[in-house]
Structures are given as C-alpha cells and as structure tokens.
>>> print(open('entry.cif').read())   # mmCIF, C-alpha atoms, pLDDT in the B column; chains and numbers go by the auth columns
data_query
loop_
_atom_site.group_PDB
_atom_site.id
_atom_site.type_symbol
_atom_site.label_atom_id
_atom_site.label_comp_id
_atom_site.label_asym_id
_atom_site.label_seq_id
_atom_site.Cartn_x
_atom_site.Cartn_y
_atom_site.Cartn_z
_atom_site.B_iso_or_equiv
_atom_site.auth_seq_id
_atom_site.auth_asym_id
ATOM 1 C CA MET A 1 13.230 -20.331 -20.545 63.00 1 A
ATOM 2 C CA GLU A 2 10.624 -18.024 -22.077 73.00 2 A
ATOM 3 C CA GLU A 3 7.802 -20.317 -20.945 78.00 3 A
ATOM 4 C CA THR A 4 9.253 -20.538 -17.422 75.00 4 A
ATOM 5 C CA PHE A 5 9.629 -16.772 -17.260 75.00 5 A
ATOM 6 C CA GLN A 6 6.030 -16.235 -18.381 82.00 6 A
ATOM 7 C CA LYS A 7 4.828 -18.694 -15.715 83.00 7 A
ATOM 8 C CA ILE A 8 6.776 -16.818 -13.033 81.00 8 A
ATOM 9 C CA TYR A 9 5.436 -13.492 -14.284 84.00 9 A
ATOM 10 C CA ASP A 10 1.816 -14.690 -14.329 86.00 10 A
ATOM 11 C CA ARG A 11 1.971 -16.249 -10.877 88.00 11 A
ATOM 12 C CA TYR A 12 4.038 -13.781 -8.903 86.00 12 A
ATOM 13 C CA HIS A 13 4.045 -10.396 -10.592 87.00 13 A
ATOM 14 C CA GLN A 14 1.369 -8.846 -8.364 88.00 14 A
ATOM 15 C CA ASP A 15 3.088 -10.061 -5.170 88.00 15 A
ATOM 16 C CA LEU A 16 6.460 -8.721 -6.318 89.00 16 A
ATOM 17 C CA PHE A 17 5.009 -5.392 -7.370 90.00 17 A
ATOM 18 C CA GLN A 18 3.067 -4.924 -4.124 88.00 18 A
ATOM 19 C CA PHE A 19 6.066 -5.826 -2.000 87.00 19 A
ATOM 20 C CA LEU A 20 8.345 -3.394 -3.826 88.00 20 A
ATOM 21 C CA PHE A 21 5.698 -0.679 -3.963 88.00 21 A
ATOM 22 C CA TYR A 22 5.221 -0.747 -0.207 83.00 22 A
ATOM 23 C CA MET A 23 8.994 -0.721 0.239 84.00 23 A
ATOM 24 C CA VAL A 24 9.783 2.270 -2.007 83.00 24 A
ATOM 25 C CA LYS A 25 6.331 3.958 -2.070 82.00 25 A
ATOM 26 C CA ASP A 26 6.628 5.030 -5.669 83.00 26 A
ATOM 27 C CA LYS A 27 4.730 3.328 -8.483 86.00 27 A
ATOM 28 C CA SER A 28 7.202 3.920 -11.303 88.00 28 A
ATOM 29 C CA GLN A 29 10.185 3.060 -9.106 88.00 29 A
ATOM 30 C CA ALA A 30 8.485 -0.156 -7.991 89.00 30 A
ATOM 31 C CA GLU A 31 7.877 -1.032 -11.650 90.00 31 A
ATOM 32 C CA ASP A 32 11.554 -0.431 -12.400 90.00 32 A
ATOM 33 C CA LEU A 33 12.628 -2.565 -9.455 91.00 33 A
ATOM 34 C CA VAL A 34 10.297 -5.387 -10.526 90.00 34 A
ATOM 35 C CA GLN A 35 12.068 -5.335 -13.884 90.00 35 A
ATOM 36 C CA GLU A 36 15.399 -5.566 -12.050 90.00 36 A
ATOM 37 C CA VAL A 37 14.083 -8.610 -10.160 90.00 37 A
ATOM 38 C CA TYR A 38 13.152 -10.260 -13.476 88.00 38 A
ATOM 39 C CA ILE A 39 16.604 -9.513 -14.892 87.00 39 A
ATOM 40 C CA ARG A 40 18.218 -11.165 -11.878 88.00 40 A
ATOM 41 C CA VAL A 41 15.838 -14.118 -12.181 85.00 41 A
ATOM 42 C CA LEU A 42 16.771 -14.595 -15.850 82.00 42 A
ATOM 43 C CA HIS A 43 20.469 -14.558 -14.955 82.00 43 A
ATOM 44 C CA SER A 44 20.202 -16.938 -12.024 79.00 44 A
ATOM 45 C CA TYR A 45 17.221 -19.236 -12.602 75.00 45 A
ATOM 46 C CA GLU A 46 19.516 -22.157 -13.493 75.00 46 A
ATOM 47 C CA THR A 47 21.074 -21.918 -10.021 77.00 47 A
ATOM 48 C CA PHE A 48 17.687 -22.039 -8.219 76.00 48 A
ATOM 49 C CA GLU A 49 17.948 -25.209 -6.130 71.00 49 A
ATOM 50 C CA GLY A 50 14.349 -25.450 -4.979 70.00 50 A
ATOM 51 C CA ARG A 51 15.176 -25.381 -1.257 75.00 51 A
ATOM 52 C CA SER A 52 12.385 -22.838 -0.920 75.00 52 A
ATOM 53 C CA SER A 53 9.328 -22.073 -3.027 80.00 53 A
ATOM 54 C CA GLU A 54 9.731 -19.977 -6.158 83.00 54 A
ATOM 55 C CA LYS A 55 7.684 -17.251 -4.515 84.00 55 A
ATOM 56 C CA THR A 56 9.958 -17.148 -1.464 85.00 56 A
ATOM 57 C CA TRP A 57 13.018 -17.111 -3.713 85.00 57 A
ATOM 58 C CA LEU A 58 11.580 -14.239 -5.795 87.00 58 A
ATOM 59 C CA LEU A 59 10.713 -12.178 -2.712 86.00 59 A
ATOM 60 C CA SER A 60 14.208 -12.710 -1.388 86.00 60 A
ATOM 61 C CA ILE A 61 15.581 -11.334 -4.667 89.00 61 A
ATOM 62 C CA ALA A 62 13.077 -8.440 -4.473 89.00 62 A
ATOM 63 C CA ARG A 63 14.225 -7.591 -0.953 87.00 63 A
ATOM 64 C CA HIS A 64 17.851 -7.484 -2.085 87.00 64 A
ATOM 65 C CA VAL A 65 16.912 -5.323 -5.067 90.00 65 A
ATOM 66 C CA ALA A 66 15.129 -2.910 -2.680 87.00 66 A
ATOM 67 C CA ILE A 67 18.113 -2.819 -0.325 84.00 67 A
ATOM 68 C CA ASP A 68 20.458 -2.114 -3.253 85.00 68 A
ATOM 69 C CA TRP A 69 18.123 0.659 -4.416 86.00 69 A
ATOM 70 C CA PHE A 70 18.047 2.284 -0.949 82.00 70 A
ATOM 71 C CA ARG A 71 21.848 2.143 -0.753 79.00 71 A
ATOM 72 C CA LYS A 72 22.163 3.648 -4.211 80.00 72 A
ATOM 73 C CA GLN A 73 19.743 6.435 -3.284 74.00 73 A
ATOM 74 C CA GLN A 74 21.842 7.344 -0.247 67.00 74 A
ATOM 75 C CA THR A 75 24.965 7.485 -2.422 63.00 75 A
ATOM 76 C CA ILE A 76 23.237 9.553 -5.100 55.00 76 A
ATOM 77 C CA ARG A 77 21.859 11.991 -2.512 53.00 77 A
ATOM 78 C CA GLN A 78 25.307 12.451 -1.101 52.00 78 A
ATOM 79 C CA ARG A 79 26.786 13.231 -4.544 48.00 79 A
ATOM 80 C CA VAL A 80 24.055 15.055 -6.406 44.00 80 A
ATOM 81 C CA LEU A 81 21.512 17.678 -5.381 39.00 81 A
ATOM 82 C CA GLY A 82 19.159 17.207 -8.337 42.00 82 A
ATOM 83 C CA THR A 83 17.253 14.187 -9.530 41.00 83 A
ATOM 84 C CA PHE A 84 17.337 12.418 -12.867 41.00 84 A
ATOM 85 C CA ASP A 85 14.306 11.355 -14.821 43.00 85 A
ATOM 86 C CA TRP A 86 15.114 8.074 -16.585 39.00 86 A
ATOM 87 C CA GLU A 87 12.640 6.720 -19.093 43.00 87 A
ATOM 88 C CA LYS A 88 11.899 3.098 -18.288 43.00 88 A
ATOM 89 C CA GLN A 89 9.691 0.508 -19.889 40.00 89 A
ATOM 90 C CA GLU A 90 6.469 0.330 -17.911 44.00 90 A
ATOM 91 C CA VAL A 91 5.071 -2.897 -16.510 42.00 91 A
ATOM 92 C CA LYS A 92 1.338 -2.980 -17.030 46.00 92 A
ATOM 93 C CA ASP A 93 -0.847 -4.678 -14.459 48.00 93 A
ATOM 94 C CA ARG A 94 -4.557 -5.449 -14.589 51.00 94 A
ATOM 95 C CA GLU A 95 -5.005 -5.496 -10.804 55.00 95 A
ATOM 96 C CA PRO A 96 -5.696 -2.294 -8.837 54.00 96 A
ATOM 97 C CA LEU A 97 -2.462 -0.716 -7.694 57.00 97 A
ATOM 98 C CA PRO A 98 -1.624 -0.626 -3.976 55.00 98 A
ATOM 99 C CA GLU A 99 -1.525 3.186 -4.035 56.00 99 A
ATOM 100 C CA ASP A 100 -5.053 3.258 -5.512 56.00 100 A
ATOM 101 C CA ILE A 101 -6.310 0.954 -2.770 52.00 101 A
ATOM 102 C CA VAL A 102 -4.529 2.996 -0.109 49.00 102 A
ATOM 103 C CA MET A 103 -6.001 6.277 -1.293 50.00 103 A
ATOM 104 C CA GLN A 104 -9.509 4.778 -1.155 52.00 104 A
ATOM 105 C CA HIS A 105 -9.228 3.981 2.548 54.00 105 A
ATOM 106 C CA GLU A 106 -8.146 6.724 4.958 58.00 106 A
ATOM 107 C CA ASP A 107 -6.952 4.262 7.636 57.00 107 A
ATOM 108 C CA LEU A 108 -4.729 2.499 5.106 61.00 108 A
ATOM 109 C CA LYS A 109 -3.366 5.870 4.005 68.00 109 A
ATOM 110 C CA GLU A 110 -2.312 6.639 7.579 71.00 110 A
ATOM 111 C CA ILE A 111 -0.647 3.235 7.930 72.00 111 A
ATOM 112 C CA PHE A 112 1.048 3.729 4.570 73.00 112 A
ATOM 113 C CA GLU A 113 2.520 7.044 5.774 77.00 113 A
ATOM 114 C CA ALA A 114 3.475 5.570 9.167 79.00 114 A
ATOM 115 C CA LEU A 115 5.527 2.854 7.438 82.00 115 A
ATOM 116 C CA ASP A 116 8.114 5.564 6.690 82.00 116 A
ATOM 117 C CA LYS A 117 9.086 5.547 10.361 85.00 117 A
ATOM 118 C CA CYS A 118 9.868 1.816 10.325 87.00 118 A
ATOM 119 C CA THR A 119 13.277 0.388 9.515 88.00 119 A
ATOM 120 C CA LEU A 120 13.716 -1.482 6.241 86.00 120 A
ATOM 121 C CA ASP A 121 13.540 -4.833 8.060 90.00 121 A
ATOM 122 C CA GLN A 122 10.407 -3.790 9.985 90.00 122 A
ATOM 123 C CA ARG A 123 8.755 -2.566 6.785 88.00 123 A
ATOM 124 C CA SER A 124 9.646 -5.820 4.985 88.00 124 A
ATOM 125 C CA VAL A 125 8.168 -7.951 7.745 90.00 125 A
ATOM 126 C CA ILE A 126 5.004 -5.848 8.106 88.00 126 A
ATOM 127 C CA VAL A 127 4.358 -5.808 4.352 86.00 127 A
ATOM 128 C CA LEU A 128 4.820 -9.561 4.026 86.00 128 A
ATOM 129 C CA ARG A 129 2.915 -10.482 7.180 87.00 129 A
ATOM 130 C CA PHE A 130 -0.021 -8.075 7.180 82.00 130 A
ATOM 131 C CA ILE A 131 -0.385 -6.781 3.638 79.00 131 A
ATOM 132 C CA GLN A 132 0.516 -9.919 1.717 80.00 132 A
ATOM 133 C CA GLY A 133 -0.670 -12.373 4.382 83.00 133 A
ATOM 134 C CA TYR A 134 2.460 -14.482 4.792 86.00 134 A
ATOM 135 C CA SER A 135 2.916 -16.743 7.793 89.00 135 A
ATOM 136 C CA ILE A 136 5.857 -16.227 10.134 91.00 136 A
ATOM 137 C CA THR A 137 7.600 -19.227 8.547 91.00 137 A
ATOM 138 C CA GLU A 138 7.065 -17.949 4.988 88.00 138 A
ATOM 139 C CA THR A 139 8.243 -14.471 5.978 90.00 139 A
ATOM 140 C CA ALA A 140 11.366 -15.904 7.609 91.00 140 A
ATOM 141 C CA LYS A 141 12.205 -17.893 4.472 88.00 141 A
ATOM 142 C CA ALA A 142 11.601 -14.942 2.131 86.00 142 A
ATOM 143 C CA LEU A 143 13.778 -12.582 4.178 88.00 143 A
ATOM 144 C CA HIS A 144 16.379 -15.152 5.264 88.00 144 A
ATOM 145 C CA PHE A 145 15.542 -14.405 8.905 91.00 145 A
ATOM 146 C CA SER A 146 15.002 -16.803 11.762 93.00 146 A
ATOM 147 C CA GLU A 147 11.398 -17.097 12.898 93.00 147 A
ATOM 148 C CA SER A 148 12.314 -15.420 16.183 94.00 148 A
ATOM 149 C CA LYS A 149 13.845 -12.482 14.278 94.00 149 A
ATOM 150 C CA VAL A 150 10.605 -12.158 12.282 93.00 150 A
ATOM 151 C CA LYS A 151 8.579 -12.119 15.528 94.00 151 A
ATOM 152 C CA THR A 152 10.881 -9.572 17.181 94.00 152 A
ATOM 153 C CA THR A 153 11.030 -7.351 14.088 93.00 153 A
ATOM 154 C CA GLN A 154 7.247 -7.592 13.694 92.00 154 A
ATOM 155 C CA HIS A 155 6.722 -6.631 17.346 92.00 155 A
ATOM 156 C CA ARG A 156 9.039 -3.625 17.067 93.00 156 A
ATOM 157 C CA GLY A 157 7.565 -2.549 13.738 91.00 157 A
ATOM 158 C CA LEU A 158 4.010 -2.720 15.054 89.00 158 A
ATOM 159 C CA LYS A 159 5.090 -0.686 18.075 92.00 159 A
ATOM 160 C CA VAL A 160 6.465 2.023 15.750 90.00 160 A
ATOM 161 C CA LEU A 161 3.263 1.951 13.668 86.00 161 A
ATOM 162 C CA ARG A 162 1.069 2.181 16.762 87.00 162 A
ATOM 163 C CA LYS A 163 3.023 5.187 18.025 89.00 163 A
ATOM 164 C CA GLN A 164 2.821 6.912 14.631 86.00 164 A
ATOM 165 C CA MET A 165 -0.912 6.241 14.384 81.00 165 A
ATOM 166 C CA GLU A 166 -1.424 7.762 17.839 85.00 166 A
ATOM 167 C CA LEU A 167 0.577 10.843 16.797 85.00 167 A
ATOM 168 C CA LEU A 168 -1.468 11.144 13.601 78.00 168 A
ATOM 169 C CA LYS A 169 -4.728 10.900 15.548 79.00 169 A
ATOM 170 C CA GLU A 170 -3.495 13.544 17.992 83.00 170 A
ATOM 171 C CA ASP A 171 -2.546 15.830 15.091 80.00 171 A
ATOM 172 C CA LEU A 172 -5.976 15.348 13.511 76.00 172 A
ATOM 173 C CA LYS A 173 -7.693 16.055 16.819 79.00 173 A
ATOM 174 C CA ASN A 174 -5.667 19.260 17.283 82.00 174 A
ATOM 175 C CA GLU A 175 -6.485 20.339 13.733 80.00 175 A
ATOM 176 C CA GLU A 176 -10.206 19.761 14.348 79.00 176 A
ATOM 177 C CA VAL A 177 -10.035 21.888 17.516 80.00 177 A
ATOM 178 C CA ARG A 178 -8.286 24.701 15.583 81.00 178 A
ATOM 179 C CA MET A 179 -10.926 24.521 12.846 81.00 179 A
ATOM 180 C CA GLU A 180 -13.759 24.647 15.399 80.00 180 A
ATOM 181 C CA ARG A 181 -12.175 27.687 17.085 80.00 181 A
ATOM 182 C CA ARG A 182 -11.763 29.503 13.779 79.00 182 A
ATOM 183 C CA SER A 183 -15.311 28.667 12.839 76.00 183 A
ATOM 184 C CA ALA A 184 -16.658 29.787 16.240 76.00 184 A
ATOM 185 C CA GLU A 185 -14.674 33.037 16.109 75.00 185 A
ATOM 186 C CA GLY A 186 -16.053 33.832 12.677 67.00 186 A
ATOM 187 C CA VAL A 187 -19.654 33.153 13.731 57.00 187 A
ATOM 188 C CA THR A 188 -19.675 34.821 17.146 52.00 188 A
ATOM 189 C CA LYS A 189 -17.842 38.049 16.240 53.00 189 A
ATOM 190 C CA PRO A 190 -20.246 40.913 16.827 54.00 190 A
ATOM 191 C CA THR A 191 -20.822 43.182 13.909 54.00 191 A
ATOM 192 C CA SER A 192 -20.972 46.915 14.508 54.00 192 A
ATOM 193 C CA ASN A 193 -23.919 48.641 12.966 56.00 193 A
ATOM 194 C CA GLY A 194 -22.961 52.074 14.045 50.00 194 A
#
>>> encode(input="entry.cif", output="structure tokens")
Amino acid sequence: MEETFQKIYDRYHQDLFQFLFYMVKDKSQAEDLVQEVYIRVLHSYETFEGRSSEKTWLLSIARHVAIDWFRKQQTIRQRVLGTFDWEKQEVKDREPLPEDIVMQHEDLKEIFEALDKCTLDQRSVIVLRFIQGYSITETAKALHFSESKVKTTQHRGLKVLRKQMELLKEDLKNEEVRMERRSAEGVTKPTSNG
C-alpha cells in the first residue's frame, strides 16, 4: 500500500492542493485538508472500483472533504466566537503555491477575490474547468454532476465572476478619481504670502 500511496501522492498532490486551496483560500487549511483526503484514501483505496480515473476519484474525495470542512466551520462559528490554532504536520511542495502565483498577477488576484461570491458548486466547477483545465466530462465525473449541470453551474459562476470583476473595476476607477481630486486640490491650492 505504501508504494501505491507514494504513486498517488507523486501524481496528484499538486492538483489536490490547488483544488483545495482555491476552495478554502488558506494555505495551511488546504494542506490540512489534503492530509484528510490522504487519510480517506488510505481507508478506502481497497473499495476503489476503477469506474473513473484515480484523479477523478481523488478530486471527488477532495470535494467532499471541502464540503465537510465548510459545514464544520458554520457549526463552529455558531458555537464559538474565537478561533483555535491547531498545530498540523505541514505538506511540503516544490511547485509554486497558487497564492504566490495569484499575488504575482493582479488580474488573477481580482478573480481570486471574486470567487468568494460564487457558491461552492460554482467555485468547484470554475476551479476545475479554468484553473486546472478539466474538460466538462472530467469535471462532471469529479463532482458527480451531469454534464448539463456542469455547463449550467459554469455559466452561472462565470456570470457572478463577471459581475464582481465589473464592480471591482468600478471601485478602482472611483478610487483613481478620488486620488486625482486629492492630488489636484493639493497642487492648485493658492498659498497666501501675506
């Protein structure tokens, strides 16, 4: 099993981490959730029937882990006002992290922030389709959706993203106008020399 696990880790770790990172938008939490995926894989690998690819099967597990995490967060928020800092074993990765890539490109940063306005299903579809490059068929298999549900969810998610991007651009434009006004007021104010 150790050899099989290592093969799965080597082949799919980056895809799993990216998917979970874009879902939860927190590096350490994504690392923790990836570990949870591996725990579930170790417990259920014998039951994997091969009806889908390993990658699709792993992403399906990752999606369920993310959903469980979101549900748990809602429950915790309802019960507790503070947060807990749990020490977890870190997963090291040689590839650049999604957050590092995002911060390097302003457009990606805006999209990353706009993803917050999407539903969990919309975010899942958009991450798989446009960030990880899955086909509609692969996305449907990974999420256990029909292809038409993937298309509909993708359409709605892109509509939300487009609207958020327009709002962000409008906010930036308004901020630039305010900055120009402040700058102009500071430059054109007459000074009194008595």
>>> residues_around(input="entry.cif", residues="Lys163 (chain A)", least_positions_apart="3", cutoff="12 Å", atoms="only C-alpha atoms", output="ChimeraX atom specification")
/A:110-111,114-115,117-118,156-160,166-170
>>> write_last_selection(input="entry.cif", atoms="C-alpha atoms", output="PDB file, in the coordinates of the input")
ATOM      1  CA  GLU A 110      -2.312   6.639   7.579  1.00 71.00           C
ATOM      2  CA  ILE A 111      -0.647   3.235   7.930  1.00 72.00           C
ATOM      3  CA  ALA A 114       3.475   5.570   9.167  1.00 79.00           C
ATOM      4  CA  LEU A 115       5.527   2.854   7.438  1.00 82.00           C
ATOM      5  CA  LYS A 117       9.086   5.547  10.361  1.00 85.00           C
ATOM      6  CA  CYS A 118       9.868   1.816  10.325  1.00 87.00           C
ATOM      7  CA  ARG A 156       9.039  -3.625  17.067  1.00 93.00           C
ATOM      8  CA  GLY A 157       7.565  -2.549  13.738  1.00 91.00           C
ATOM      9  CA  LEU A 158       4.010  -2.720  15.054  1.00 89.00           C
ATOM     10  CA  LYS A 159       5.090  -0.686  18.075  1.00 92.00           C
ATOM     11  CA  VAL A 160       6.465   2.023  15.750  1.00 90.00           C
ATOM     12  CA  GLU A 166      -1.424   7.762  17.839  1.00 85.00           C
ATOM     13  CA  LEU A 167       0.577  10.843  16.797  1.00 85.00           C
ATOM     14  CA  LEU A 168      -1.468  11.144  13.601  1.00 78.00           C
ATOM     15  CA  LYS A 169      -4.728  10.900  15.548  1.00 79.00           C
ATOM     16  CA  GLU A 170      -3.495  13.544  17.992  1.00 83.00           C
TER      17      GLU A 170
END
>>> resolve_selection(input="entry.cif", expression="the PyMOL selection byres ((chain A and resi 67-71) around 12)", output="number ranges by chain")
A: 20, 23-25, 29-30, 32-34, 36-37, 60-66, 72-78, 119-121, 123-124, 143
>>> atom_distance(input="entry.cif", atom1="CA of Gln35 (chain A)", atom2="CA of Thr137 (chain A)")
26.8 Å
>>> atom_distance(input="entry.cif", atom1="CA of Lys149 (chain A)", atom2="CA of His13 (chain A)")
26.8 Å
>>> closest_residue(input="entry.cif", among="A:Val127, A:Ser44, A:Asp171, A:Thr152", to="Phe21 (chain A)", atoms="all atoms listed in the file")
A:Val127
>>> build_atoms(input="entry.cif", residues="region 29-40 of chain A", atoms="all heavy atoms", output="PDB file, in the coordinates of the input")
ATOM      1  N   GLN A  29       8.956   3.665  -9.626  1.00 88.00           N
ATOM      2  CA  GLN A  29      10.185   3.060  -9.106  1.00 88.00           C
ATOM      3  C   GLN A  29       9.963   1.582  -8.800  1.00 88.00           C
ATOM      4  O   GLN A  29      10.826   0.747  -9.063  1.00 88.00           O
ATOM      5  CB  GLN A  29      10.663   3.797  -7.849  1.00 88.00           C
ATOM      6  CG  GLN A  29      12.020   3.347  -7.388  1.00 88.00           C
ATOM      7  CD  GLN A  29      13.085   3.539  -8.459  1.00 88.00           C
ATOM      8  OE1 GLN A  29      13.286   4.629  -8.956  1.00 88.00           O
ATOM      9  NE2 GLN A  29      13.769   2.474  -8.833  1.00 88.00           N
ATOM     10  N   ALA A  30       8.805   1.249  -8.262  1.00 89.00           N
ATOM     11  CA  ALA A  30       8.485  -0.156  -7.991  1.00 89.00           C
ATOM     12  C   ALA A  30       8.460  -0.947  -9.296  1.00 89.00           C
ATOM     13  O   ALA A  30       8.966  -2.074  -9.349  1.00 89.00           O
ATOM     14  CB  ALA A  30       7.160  -0.271  -7.262  1.00 89.00           C
ATOM     15  N   GLU A  31       7.894  -0.361 -10.348  1.00 90.00           N
ATOM     16  CA  GLU A  31       7.877  -1.032 -11.650  1.00 90.00           C
ATOM     17  C   GLU A  31       9.296  -1.276 -12.148  1.00 90.00           C
ATOM     18  O   GLU A  31       9.615  -2.353 -12.659  1.00 90.00           O
ATOM     19  CB  GLU A  31       7.090  -0.202 -12.661  1.00 90.00           C
ATOM     20  CG  GLU A  31       5.602  -0.183 -12.390  1.00 90.00           C
ATOM     21  CD  GLU A  31       4.840   0.852 -13.212  1.00 90.00           C
ATOM     22  OE1 GLU A  31       5.485   1.740 -13.824  1.00 90.00           O
ATOM     23  OE2 GLU A  31       3.600   0.763 -13.233  1.00 90.00           O
ATOM     24  N   ASP A  32      10.166  -0.280 -11.985  1.00 90.00           N
ATOM     25  CA  ASP A  32      11.554  -0.431 -12.400  1.00 90.00           C
ATOM     26  C   ASP A  32      12.250  -1.524 -11.592  1.00 90.00           C
ATOM     27  O   ASP A  32      13.014  -2.328 -12.138  1.00 90.00           O
ATOM     28  CB  ASP A  32      12.317   0.883 -12.233  1.00 90.00           C
ATOM     29  CG  ASP A  32      11.838   1.965 -13.189  1.00 90.00           C
ATOM     30  OD1 ASP A  32      11.155   1.627 -14.177  1.00 90.00           O
ATOM     31  OD2 ASP A  32      12.140   3.145 -12.934  1.00 90.00           O
ATOM     32  N   LEU A  33      11.990  -1.558 -10.307  1.00 91.00           N
ATOM     33  CA  LEU A  33      12.628  -2.565  -9.455  1.00 91.00           C
ATOM     34  C   LEU A  33      12.110  -3.964  -9.766  1.00 91.00           C
ATOM     35  O   LEU A  33      12.870  -4.937  -9.691  1.00 91.00           O
ATOM     36  CB  LEU A  33      12.439  -2.217  -7.983  1.00 91.00           C
ATOM     37  CG  LEU A  33      13.161  -0.943  -7.521  1.00 91.00           C
ATOM     38  CD1 LEU A  33      12.891  -0.667  -6.049  1.00 91.00           C
ATOM     39  CD2 LEU A  33      14.654  -0.999  -7.797  1.00 91.00           C
ATOM     40  N   VAL A  34      10.832  -4.081 -10.119  1.00 90.00           N
ATOM     41  CA  VAL A  34      10.297  -5.387 -10.526  1.00 90.00           C
ATOM     42  C   VAL A  34      11.055  -5.863 -11.763  1.00 90.00           C
ATOM     43  O   VAL A  34      11.419  -7.038 -11.867  1.00 90.00           O
ATOM     44  CB  VAL A  34       8.772  -5.319 -10.797  1.00 90.00           C
ATOM     45  CG1 VAL A  34       8.289  -6.566 -11.525  1.00 90.00           C
ATOM     46  CG2 VAL A  34       8.005  -5.160  -9.492  1.00 90.00           C
ATOM     47  N   GLN A  35      11.297  -4.961 -12.692  1.00 90.00           N
ATOM     48  CA  GLN A  35      12.068  -5.335 -13.884  1.00 90.00           C
ATOM     49  C   GLN A  35      13.467  -5.807 -13.501  1.00 90.00           C
ATOM     50  O   GLN A  35      13.987  -6.768 -14.073  1.00 90.00           O
ATOM     51  CB  GLN A  35      12.138  -4.165 -14.861  1.00 90.00           C
ATOM     52  CG  GLN A  35      10.801  -3.883 -15.511  1.00 90.00           C
ATOM     53  CD  GLN A  35      10.859  -2.715 -16.480  1.00 90.00           C
ATOM     54  OE1 GLN A  35      11.930  -2.196 -16.788  1.00 90.00           O
ATOM     55  NE2 GLN A  35       9.703  -2.312 -16.965  1.00 90.00           N
ATOM     56  N   GLU A  36      14.078  -5.141 -12.534  1.00 90.00           N
ATOM     57  CA  GLU A  36      15.399  -5.566 -12.050  1.00 90.00           C
ATOM     58  C   GLU A  36      15.330  -6.966 -11.451  1.00 90.00           C
ATOM     59  O   GLU A  36      16.230  -7.776 -11.647  1.00 90.00           O
ATOM     60  CB  GLU A  36      15.938  -4.559 -11.029  1.00 90.00           C
ATOM     61  CG  GLU A  36      17.269  -4.947 -10.420  1.00 90.00           C
ATOM     62  CD  GLU A  36      18.420  -5.014 -11.414  1.00 90.00           C
ATOM     63  OE1 GLU A  36      18.382  -4.308 -12.430  1.00 90.00           O
ATOM     64  OE2 GLU A  36      19.365  -5.790 -11.156  1.00 90.00           O
ATOM     65  N   VAL A  37      14.262  -7.262 -10.716  1.00 90.00           N
ATOM     66  CA  VAL A  37      14.083  -8.610 -10.160  1.00 90.00           C
ATOM     67  C   VAL A  37      14.041  -9.616 -11.300  1.00 90.00           C
ATOM     68  O   VAL A  37      14.713 -10.657 -11.256  1.00 90.00           O
ATOM     69  CB  VAL A  37      12.801  -8.706  -9.297  1.00 90.00           C
ATOM     70  CG1 VAL A  37      12.490 -10.158  -8.947  1.00 90.00           C
ATOM     71  CG2 VAL A  37      12.942  -7.875  -8.029  1.00 90.00           C
ATOM     72  N   TYR A  38      13.266  -9.332 -12.348  1.00 88.00           N
ATOM     73  CA  TYR A  38      13.152 -10.260 -13.476  1.00 88.00           C
ATOM     74  C   TYR A  38      14.494 -10.446 -14.181  1.00 88.00           C
ATOM     75  O   TYR A  38      14.823 -11.556 -14.615  1.00 88.00           O
ATOM     76  CB  TYR A  38      12.088  -9.788 -14.459  1.00 88.00           C
ATOM     77  CG  TYR A  38      10.679  -9.877 -13.909  1.00 88.00           C
ATOM     78  CD1 TYR A  38       9.758  -8.864 -14.141  1.00 88.00           C
ATOM     79  CD2 TYR A  38      10.258 -10.971 -13.164  1.00 88.00           C
ATOM     80  CE1 TYR A  38       8.467  -8.937 -13.642  1.00 88.00           C
ATOM     81  CE2 TYR A  38       8.968 -11.051 -12.656  1.00 88.00           C
ATOM     82  CZ  TYR A  38       8.077 -10.033 -12.903  1.00 88.00           C
ATOM     83  OH  TYR A  38       6.804 -10.114 -12.405  1.00 88.00           O
ATOM     84  N   ILE A  39      15.271  -9.395 -14.283  1.00 87.00           N
ATOM     85  CA  ILE A  39      16.604  -9.513 -14.892  1.00 87.00           C
ATOM     86  C   ILE A  39      17.467 -10.461 -14.064  1.00 87.00           C
ATOM     87  O   ILE A  39      18.132 -11.351 -14.601  1.00 87.00           O
ATOM     88  CB  ILE A  39      17.267  -8.127 -15.025  1.00 87.00           C
ATOM     89  CG1 ILE A  39      16.554  -7.313 -16.105  1.00 87.00           C
ATOM     90  CG2 ILE A  39      18.761  -8.248 -15.331  1.00 87.00           C
ATOM     91  CD1 ILE A  39      16.918  -5.835 -16.124  1.00 87.00           C
ATOM     92  N   ARG A  40      17.432 -10.277 -12.741  1.00 88.00           N
ATOM     93  CA  ARG A  40      18.218 -11.165 -11.878  1.00 88.00           C
ATOM     94  C   ARG A  40      17.713 -12.598 -11.944  1.00 88.00           C
ATOM     95  O   ARG A  40      18.504 -13.544 -11.894  1.00 88.00           O
ATOM     96  CB  ARG A  40      18.200 -10.653 -10.443  1.00 88.00           C
ATOM     97  CG  ARG A  40      18.978  -9.359 -10.285  1.00 88.00           C
ATOM     98  CD  ARG A  40      19.113  -8.946  -8.851  1.00 88.00           C
ATOM     99  NE  ARG A  40      19.687  -7.616  -8.746  1.00 88.00           N
ATOM    100  CZ  ARG A  40      20.055  -7.062  -7.603  1.00 88.00           C
ATOM    101  NH1 ARG A  40      19.908  -7.713  -6.456  1.00 88.00           N
ATOM    102  NH2 ARG A  40      20.564  -5.854  -7.584  1.00 88.00           N
TER     103      ARG A  40
END
